[in-house]
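Working notes, structure below.
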Amino acid sequence: VQLQASGGGSVQAGGSLRLSCAPSRRAFNSYATAWFRQAPGKEREFVAVIRWTTNYAESVKGRFTISRDNDKNTFYLQMNDLTPEDTAIYYCARGPHFSSSANDFTSWGQGTQVTVSS
């Protein structure tokens with residue numbers, strides 16, 4: 001399965017972006033889909049996951065929303081009230097388990113850069 005991520009860009013603090021990810025194969029409910037991010041010099045970290053429910057990293061709760069559109073075969077990460085600490089490459093991923101561990105995801109997108117300036 002290939003995943004195509006898009007929607008990154010540069011915004012000022014307090015701004016919003018919406019990331020999109022389109023798997024090459026359907027069956028959303030058979031898989032968990034997630035967003036991770038990696039800032040320069042840091043390890044990849046969990047952001048949000050969705051399957052029948054959702055889960056978020058504490059650092060993004062209340063600001064980010066993960067969702068999916070089955071008709072468009074696409075899932076999203078709406079990011080509001082962005083801060084410079086959110087600057088990272090964001091990756092979408094899909095795997096068989098509702099998890100916050102990158103090791104549980106078997107398919108990854110190429111990443112999209114998000115840069116937030118103060």
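Labeling convention for the structure tokens: chains A, B, ... as they appear, residues from 1 per chain, ligands from 1 in order of appearance.
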
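Shell of A:Pro96 at 9 Å, with only C-alpha atoms counted and residues fewer than 5 places along the chain excluded, is Ser30, Tyr31, Ala32, Thr33, Asp104, Phe105 and Thr106 of chain A.
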
Write out the residues from the selection above, keeping all heavy atoms, as a PDB file, in the first residue's frame.
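Writing done, so here's part-v9.pdb:
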ATOM      1  N   SER A  30     -10.497  -1.649   8.209  1.00  0.00           N
ATOM      2  CA  SER A  30      -9.672  -2.817   8.463  1.00  0.00           C
ATOM      3  C   SER A  30      -8.300  -2.427   9.004  1.00  0.00           C
ATOM      4  O   SER A  30      -7.536  -3.307   9.396  1.00  0.00           O
ATOM      5  CB  SER A  30      -9.509  -3.622   7.178  1.00  0.00           C
ATOM      6  OG  SER A  30     -10.748  -4.070   6.717  1.00  0.00           O
ATOM      7  N   TYR A  31      -8.000  -1.155   9.006  1.00  0.00           N
ATOM      8  CA  TYR A  31      -6.687  -0.698   9.412  1.00  0.00           C
ATOM      9  C   TYR A  31      -6.799   0.532  10.311  1.00  0.00           C
ATOM     10  O   TYR A  31      -7.785   1.261  10.264  1.00  0.00           O
ATOM     11  CB  TYR A  31      -5.851  -0.303   8.191  1.00  0.00           C
ATOM     12  CG  TYR A  31      -5.572  -1.434   7.240  1.00  0.00           C
ATOM     13  CD1 TYR A  31      -6.429  -1.714   6.187  1.00  0.00           C
ATOM     14  CD2 TYR A  31      -4.449  -2.229   7.412  1.00  0.00           C
ATOM     15  CE1 TYR A  31      -6.178  -2.755   5.329  1.00  0.00           C
ATOM     16  CE2 TYR A  31      -4.178  -3.277   6.549  1.00  0.00           C
ATOM     17  CZ  TYR A  31      -5.048  -3.531   5.508  1.00  0.00           C
ATOM     18  OH  TYR A  31      -4.795  -4.568   4.659  1.00  0.00           O
ATOM     19  N   ALA A  32      -5.774   0.713  11.085  1.00  0.00           N
ATOM     20  CA  ALA A  32      -5.611   1.977  11.789  1.00  0.00           C
ATOM     21  C   ALA A  32      -4.771   2.891  10.909  1.00  0.00           C
ATOM     22  O   ALA A  32      -3.829   2.440  10.250  1.00  0.00           O
ATOM     23  CB  ALA A  32      -4.910   1.753  13.119  1.00  0.00           C
ATOM     24  N   THR A  33      -5.138   4.160  10.877  1.00  0.00           N
ATOM     25  CA  THR A  33      -4.343   5.126  10.135  1.00  0.00           C
ATOM     26  C   THR A  33      -3.901   6.212  11.107  1.00  0.00           C
ATOM     27  O   THR A  33      -4.659   6.598  11.994  1.00  0.00           O
ATOM     28  CB  THR A  33      -5.156   5.728   8.981  1.00  0.00           C
ATOM     29  OG1 THR A  33      -6.428   6.159   9.463  1.00  0.00           O
ATOM     30  CG2 THR A  33      -5.364   4.711   7.880  1.00  0.00           C
ATOM     31  N   ASP A 104       4.198  -0.474  14.923  1.00  0.00           N
ATOM     32  CA  ASP A 104       2.976  -1.196  14.581  1.00  0.00           C
ATOM     33  C   ASP A 104       2.398  -0.794  13.231  1.00  0.00           C
ATOM     34  O   ASP A 104       1.367  -1.322  12.821  1.00  0.00           O
ATOM     35  CB  ASP A 104       1.913  -0.971  15.660  1.00  0.00           C
ATOM     36  CG  ASP A 104       2.244  -1.719  16.945  1.00  0.00           C
ATOM     37  OD1 ASP A 104       2.882  -2.783  16.860  1.00  0.00           O
ATOM     38  OD2 ASP A 104       1.874  -1.221  18.032  1.00  0.00           O
ATOM     39  N   PHE A 105       3.068   0.128  12.548  1.00  0.00           N
ATOM     40  CA  PHE A 105       2.548   0.596  11.263  1.00  0.00           C
ATOM     41  C   PHE A 105       3.448   0.106  10.137  1.00  0.00           C
ATOM     42  O   PHE A 105       4.669   0.268  10.184  1.00  0.00           O
ATOM     43  CB  PHE A 105       2.418   2.122  11.280  1.00  0.00           C
ATOM     44  CG  PHE A 105       1.315   2.567  12.195  1.00  0.00           C
ATOM     45  CD1 PHE A 105       1.546   2.729  13.550  1.00  0.00           C
ATOM     46  CD2 PHE A 105       0.036   2.750  11.722  1.00  0.00           C
ATOM     47  CE1 PHE A 105       0.522   3.085  14.415  1.00  0.00           C
ATOM     48  CE2 PHE A 105      -0.999   3.121  12.566  1.00  0.00           C
ATOM     49  CZ  PHE A 105      -0.752   3.283  13.917  1.00  0.00           C
ATOM     50  N   THR A 106       2.823  -0.486   9.129  1.00  0.00           N
ATOM     51  CA  THR A 106       3.568  -1.187   8.091  1.00  0.00           C
ATOM     52  C   THR A 106       3.699  -0.412   6.793  1.00  0.00           C
ATOM     53  O   THR A 106       4.550  -0.731   5.967  1.00  0.00           O
ATOM     54  CB  THR A 106       2.888  -2.534   7.805  1.00  0.00           C
ATOM     55  OG1 THR A 106       1.494  -2.297   7.502  1.00  0.00           O
ATOM     56  CG2 THR A 106       2.968  -3.456   9.008  1.00  0.00           C
TER      57      THR A 106
END

Leaving out stretch 5-10 of chain A and any residue of its chain fewer than 6 positions from it, which residues lie within 12 Å of it when counting only C-alpha atoms, given as a ChimeraX atom specification? /A:16-24,34-37,74-79,82-84,86-93,108-118

Can you list every residue in stretch 13-111 of chain A that DSSP puts in strand (DSSP E or B), as a ChimeraX atom specification? /A:17-23,32-38,45-50,54-56,64-69,74-79,88-95,107-109

Interatomic distance (Å, one decimal) between atom CA of A:Arg94 and atom CA of A:Ser107: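 Atom CA of A:Ser107 lies 5.2 Å from atom CA of A:Arg94.
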
Would you work out the distance separating atom CA of A:Gly62 from atom CA of A:Val49, expressed in Å to one decimal?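 Computed distance, atom CA of A:Gly62 to atom CA of A:Val49, equals 14.3 Å.
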
Have a look at A:Ser99, A:Pro40, A:Val60, A:Trp52 and name the one nearest to A:Asn80; count only C-alpha atoms.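 Distance minimum relative to A:Asn80 lands on A:Val60.
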
Which is closer to A:Val11 than all the others in A:Asp81, A:Arg44, A:Ser100, A:Tyr56, using only C-alpha atoms?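 Checking each of A:Asp81, A:Arg44, A:Ser100, A:Tyr56 against A:Val11, counting only C-alpha atoms, the winner is A:Asp81.
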
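Atom to atom, atom CA of A:Asn73 and atom CA of A:Gly95 stand 15.7 Å apart.
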
Counting only C-alpha atoms, the residue of A:Asn103, A:Gln4, A:Asn70, A:Gln12 that sits nearest A:Arg51: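 Answer, going by the shortest atom-to-atom distance: A:Asn70.
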